[in-house]
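Structure below is final06.pdb: PDB, C-alpha atoms.
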ATOM      1  CA  MET X 217      10.610 -17.955 -25.310
ATOM      2  CA  GLU X 218       6.899 -17.182 -25.632
ATOM      3  CA  LEU X 219       7.173 -14.719 -22.746
ATOM      4  CA  ASP X 220       9.969 -12.851 -24.546
ATOM      5  CA  ASN X 221       7.734 -12.529 -27.611
ATOM      6  CA  LEU X 222       4.909 -11.193 -25.460
ATOM      7  CA  TYR X 223       7.263  -8.638 -23.900
ATOM      8  CA  GLN X 224       8.449  -7.561 -27.356
ATOM      9  CA  GLU X 225       4.830  -7.092 -28.393
ATOM     10  CA  VAL X 226       4.108  -4.933 -25.333
ATOM     11  CA  ILE X 227       7.112  -2.731 -26.138
ATOM     12  CA  LEU X 228       6.197  -2.450 -29.819
ATOM     13  CA  ASP X 229       2.559  -1.703 -28.984
ATOM     14  CA  HIS X 230       3.560   1.181 -26.691
ATOM     15  CA  TYR X 231       6.027   2.410 -29.320
ATOM     16  CA  LYS X 232       3.485   2.326 -32.162
ATOM     17  CA  ARG X 233       0.532   3.540 -30.057
ATOM     18  CA  PRO X 234       2.079   5.629 -27.288
ATOM     19  CA  GLN X 235      -0.005   6.665 -24.303
ATOM     20  CA  ASN X 236      -0.280  10.361 -23.387
ATOM     21  CA  LYS X 237       2.059  11.504 -26.178
ATOM     22  CA  LYS X 238       0.878  15.077 -26.576
ATOM     23  CA  LEU X 239       2.152  17.777 -24.276
ATOM     24  CA  ALA X 240      -0.580  19.333 -22.147
ATOM     25  CA  THR X 241      -0.609  23.122 -22.084
ATOM     26  CA  THR X 242      -1.074  23.293 -18.309
ATOM     27  CA  PHE X 243       1.362  21.625 -15.939
ATOM     28  CA  ASP X 244       3.063  21.955 -12.568
ATOM     29  CA  ALA X 245       6.464  21.072 -13.991
ATOM     30  CA  GLN X 246       7.982  20.665 -17.431
ATOM     31  CA  VAL X 247      11.337  19.030 -18.101
ATOM     32  CA  HIS X 248      13.480  18.179 -21.097
ATOM     33  CA  HIS X 249      15.816  15.184 -20.870
ATOM     34  CA  VAL X 250      18.318  13.905 -23.416
ATOM     35  CA  ASN X 251      20.266  10.676 -23.518
ATOM     36  CA  PRO X 252      23.650  11.966 -24.716
ATOM     37  CA  SER X 253      24.859   8.501 -25.674
ATOM     38  CA  CYS X 254      22.210   8.046 -28.393
ATOM     39  CA  GLY X 255      20.343  11.341 -28.814
ATOM     40  CA  ASP X 256      16.933  10.203 -27.539
ATOM     41  CA  GLU X 257      14.913  13.136 -26.175
ATOM     42  CA  ILE X 258      11.865  13.485 -23.939
ATOM     43  CA  ASP X 259       9.825  16.539 -22.983
ATOM     44  CA  LEU X 260       7.563  15.688 -20.068
ATOM     45  CA  ASN X 261       4.798  17.703 -18.393
ATOM     46  CA  LEU X 262       3.502  16.694 -14.981
ATOM     47  CA  VAL X 263       0.526  17.652 -12.847
ATOM     48  CA  ILE X 264       0.228  16.625  -9.189
ATOM     49  CA  LYS X 265      -2.933  17.523  -7.262
ATOM     50  CA  ASN X 266      -3.368  16.680  -3.575
ATOM     51  CA  GLU X 267      -0.372  14.311  -3.702
ATOM     52  CA  ILE X 268      -1.886  12.395  -6.671
ATOM     53  CA  VAL X 269      -0.228  12.208 -10.099
ATOM     54  CA  THR X 270      -3.137  13.458 -12.206
ATOM     55  CA  SER X 271      -1.412  13.977 -15.553
ATOM     56  CA  ILE X 272       1.808  13.019 -17.299
ATOM     57  CA  THR X 273       2.071  14.073 -20.912
ATOM     58  CA  TRP X 274       5.098  13.925 -23.120
ATOM     59  CA  ASP X 275       6.638  14.232 -26.524
ATOM     60  CA  GLY X 276       9.895  12.848 -27.733
ATOM     61  CA  VAL X 277      12.025  11.161 -30.309
ATOM     62  CA  GLY X 278      14.177   8.111 -30.002
ATOM     63  CA  CYS X 279      14.383   4.364 -30.097
ATOM     64  CA  SER X 280      11.500   2.020 -29.414
ATOM     65  CA  ILE X 281      12.795   1.322 -25.903
ATOM     66  CA  SER X 282      12.897   4.952 -24.745
ATOM     67  CA  GLN X 283       9.574   5.825 -26.331
ATOM     68  CA  ALA X 284       7.764   2.694 -25.131
ATOM     69  CA  SER X 285       9.198   3.081 -21.638
ATOM     70  CA  VAL X 286       7.838   6.615 -21.167
ATOM     71  CA  SER X 287       4.492   5.540 -22.614
ATOM     72  CA  ILE X 288       4.343   2.677 -20.108
ATOM     73  CA  LEU X 289       5.355   5.057 -17.307
ATOM     74  CA  THR X 290       2.497   7.446 -18.035
ATOM     75  CA  ASP X 291      -0.027   4.627 -18.188
ATOM     76  CA  LEU X 292       1.291   3.167 -14.937
ATOM     77  CA  LEU X 293       1.733   6.268 -12.769
ATOM     78  CA  VAL X 294      -1.272   8.478 -13.575
ATOM     79  CA  GLY X 295      -3.780   8.142 -10.751
ATOM     80  CA  LYS X 296      -1.206   6.973  -8.208
ATOM     81  CA  SER X 297      -0.234   8.883  -5.089
ATOM     82  CA  ILE X 298       3.233  10.395  -5.290
ATOM     83  CA  THR X 299       4.345   7.849  -2.660
ATOM     84  CA  GLU X 300       3.053   4.954  -4.799
ATOM     85  CA  ALA X 301       4.620   6.492  -7.915
ATOM     86  CA  TYR X 302       8.015   6.739  -6.194
ATOM     87  CA  ALA X 303       7.761   3.112  -5.036
ATOM     88  CA  ILE X 304       7.099   2.029  -8.641
ATOM     89  CA  TYR X 305       9.924   4.288  -9.843
ATOM     90  CA  ASP X 306      12.346   2.753  -7.303
ATOM     91  CA  ASN X 307      11.267  -0.755  -8.317
ATOM     92  CA  PHE X 308      11.840  -0.012 -12.011
ATOM     93  CA  VAL X 309      15.253   1.611 -11.429
ATOM     94  CA  ALA X 310      16.351  -1.383  -9.326
ATOM     95  CA  LEU X 311      15.239  -3.710 -12.128
ATOM     96  CA  MET X 312      17.192  -1.731 -14.724
ATOM     97  CA  GLN X 313      20.319  -1.620 -12.544
ATOM     98  CA  SER X 314      20.204  -5.361 -11.770
ATOM     99  CA  LYS X 315      21.992  -6.441 -14.977
ATOM    100  CA  GLY X 316      19.378  -9.154 -15.346
ATOM    101  CA  ALA X 317      19.845 -10.494 -11.800
ATOM    102  CA  ILE X 318      16.281  -9.733 -10.711
ATOM    103  CA  LYS X 319      13.078 -10.437 -12.602
ATOM    104  CA  GLY X 320      11.011  -7.566 -11.197
ATOM    105  CA  ASP X 321       7.595  -7.639  -9.584
ATOM    106  CA  GLU X 322       4.895  -7.720 -12.257
ATOM    107  CA  SER X 323       2.223  -6.813  -9.692
ATOM    108  CA  VAL X 324       4.076  -3.511  -9.135
ATOM    109  CA  LEU X 325       5.528  -2.846 -12.596
ATOM    110  CA  GLU X 326       2.682  -4.171 -14.786
ATOM    111  CA  ASP X 327       3.656  -3.524 -18.453
ATOM    112  CA  ALA X 328       7.034  -2.096 -17.403
ATOM    113  CA  ILE X 329       8.096  -5.677 -16.633
ATOM    114  CA  ALA X 330       8.355  -6.092 -20.420
ATOM    115  CA  LEU X 331      11.521  -3.979 -20.262
ATOM    116  CA  ALA X 332      13.282  -6.365 -17.827
ATOM    117  CA  GLY X 333      15.470  -7.809 -20.580
ATOM    118  CA  VAL X 334      16.922  -4.362 -21.272
ATOM    119  CA  SER X 335      18.821  -4.560 -17.968
ATOM    120  CA  LYS X 336      21.179  -7.094 -19.576
ATOM    121  CA  TYR X 337      22.341  -4.488 -22.101
ATOM    122  CA  PRO X 338      24.150  -1.592 -20.382
ATOM    123  CA  ALA X 339      24.019   0.616 -23.495
ATOM    124  CA  ARG X 340      20.196   0.402 -23.530
ATOM    125  CA  ILE X 341      19.509   0.967 -19.816
ATOM    126  CA  LYS X 342      19.715   4.745 -20.253
ATOM    127  CA  CYS X 343      17.128   4.464 -23.028
ATOM    128  CA  ALA X 344      14.678   2.674 -20.740
ATOM    129  CA  LEU X 345      15.328   5.086 -17.861
ATOM    130  CA  LEU X 346      15.084   8.345 -19.824
ATOM    131  CA  GLY X 347      11.379   8.978 -19.200
ATOM    132  CA  TRP X 348      11.619   7.724 -15.618
ATOM    133  CA  MET X 349      14.426  10.186 -14.840
ATOM    134  CA  ALA X 350      12.351  12.944 -16.444
ATOM    135  CA  PHE X 351       9.383  11.974 -14.242
ATOM    136  CA  LYS X 352      11.532  12.064 -11.082
ATOM    137  CA  ASP X 353      12.964  15.460 -12.030
ATOM    138  CA  ALA X 354       9.522  16.888 -12.832
ATOM    139  CA  SER X 355       7.996  15.486  -9.635
ATOM    140  CA  VAL X 356      10.688  17.108  -7.491
ATOM    141  CA  GLN X 357      10.084  20.435  -9.266
ATOM    142  CA  ALA X 358       6.294  20.140  -8.956
ATOM    143  CA  GLN X 359       6.483  19.345  -5.255
ATOM    144  CA  ALA X 360       8.896  22.222  -4.611
ATOM    145  CA  LYS X 361       6.566  24.554  -6.486
ATOM    146  CA  SER X 362       3.546  23.448  -4.419
ATOM    147  CA  GLU X 363       5.496  23.904  -1.181
ATOM    148  CA  LEU X 364       6.307  27.482  -2.165
ATOM    149  CA  GLY X 365       2.630  28.127  -2.581
TER     150      GLY X 365
END

As structure tokens:
Amino acid sequence: MELDNLYQEVILDHYKRPQNKKLATTFDAQVHHVNPSCGDEIDLNLVIKNEIVTSITWDGVGCSISQASVSILTDLLVGKSITEAYAIYDNFVALMQSKGAIKGDESVLEDAIALAGVSKYPARIKCALLGWMAFKDASVQAQAKSELG
């Protein structure tokens, strides 16, 4: 039970003191995602330089899970290569889709492991994934833009 309390504290800390919550004025891609089931919203700006995620900034409104999850994402993915970021993304999505069957790899997910319990609540999975889906969308757009020159 102590671990659950620690996880709750991690989520609340990211919700109360979100990382990178201020949209940068320069970006390679900007996306807006909404969770239609609850109304949570995320605007996310992304910068990728030389295949490295150099900046993820965001703004949004919603529940503690959606807001903490995107805060954790930004903290976790900035500085990673796009390949590493996608591996972390895939790991997190698998955790969320597991319905509690897998525990997740803390060495990969770091603070995002605190959201593992959300996977047991289907109505909340979309909340946890909102920022991650926005990141994936923005990264595809940013990479397409860089390929076009």

>> Taking 6 positions as the minimum chain separation for residues in the same chain, which residues sit within 9 Å of range 312-316 of chain X when counting all atoms listed in the file? Answer as number ranges by chain.
In response: X: 331-338, 341-342, 344-345

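Residue selection for this entry, given the PyMOL selection byres ((chain X and resi 277-286) around 7), comprises Ile227, Leu228, His230, Tyr231, Pro234, Asp256, Glu257, Ile258, Gly276, Ser287, Ile288, Leu289, Thr290, Cys343, Ala344, Leu346, Gly347 and Trp348 of chain X.
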
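When all atoms listed in the file are used to compute distances to Lys352 in chain X, the closest of the residues X:Arg340, X:Ala301, X:Ala330, X:Asn307 turns out to be X:Ala301.
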
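The interatomic distance for the pair CA of Gln359 in chain X and CA of Glu322 in chain X works out to 28.0 Å.
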
>> Give me, as JSON, numbers by chain, all polymer residues having an atom no more than 9 Å from Asn261 in chain X, counting all atoms listed in the file and skipping those fewer than 4 positions away in the same chain.
In response: {"X": [239, 240, 241, 242, 243, 244, 245, 246, 247, 271, 272, 273, 274, 351, 354]}

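The space between CA of Tyr305 in chain X and CA of Met349 in chain X spans 8.9 Å.
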
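With all atoms listed in the file as the basis for measurement, X:Ile264 is the residue among X:Ala339, X:Ile264, X:Leu293, X:Leu325 that approaches Lys361 in chain X most closely.
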
Quick one: what's the axis-aligned box for range 267-275 of chain X, all listed atoms, 8 Å on every side, centre and edges in Å to one decimal, as lines of an AutoDock Vina configuration file?
center_x = 1.8
center_y = 13.3
center_z = -15.1
size_x = 25.8
size_y = 18.1
size_z = 38.8
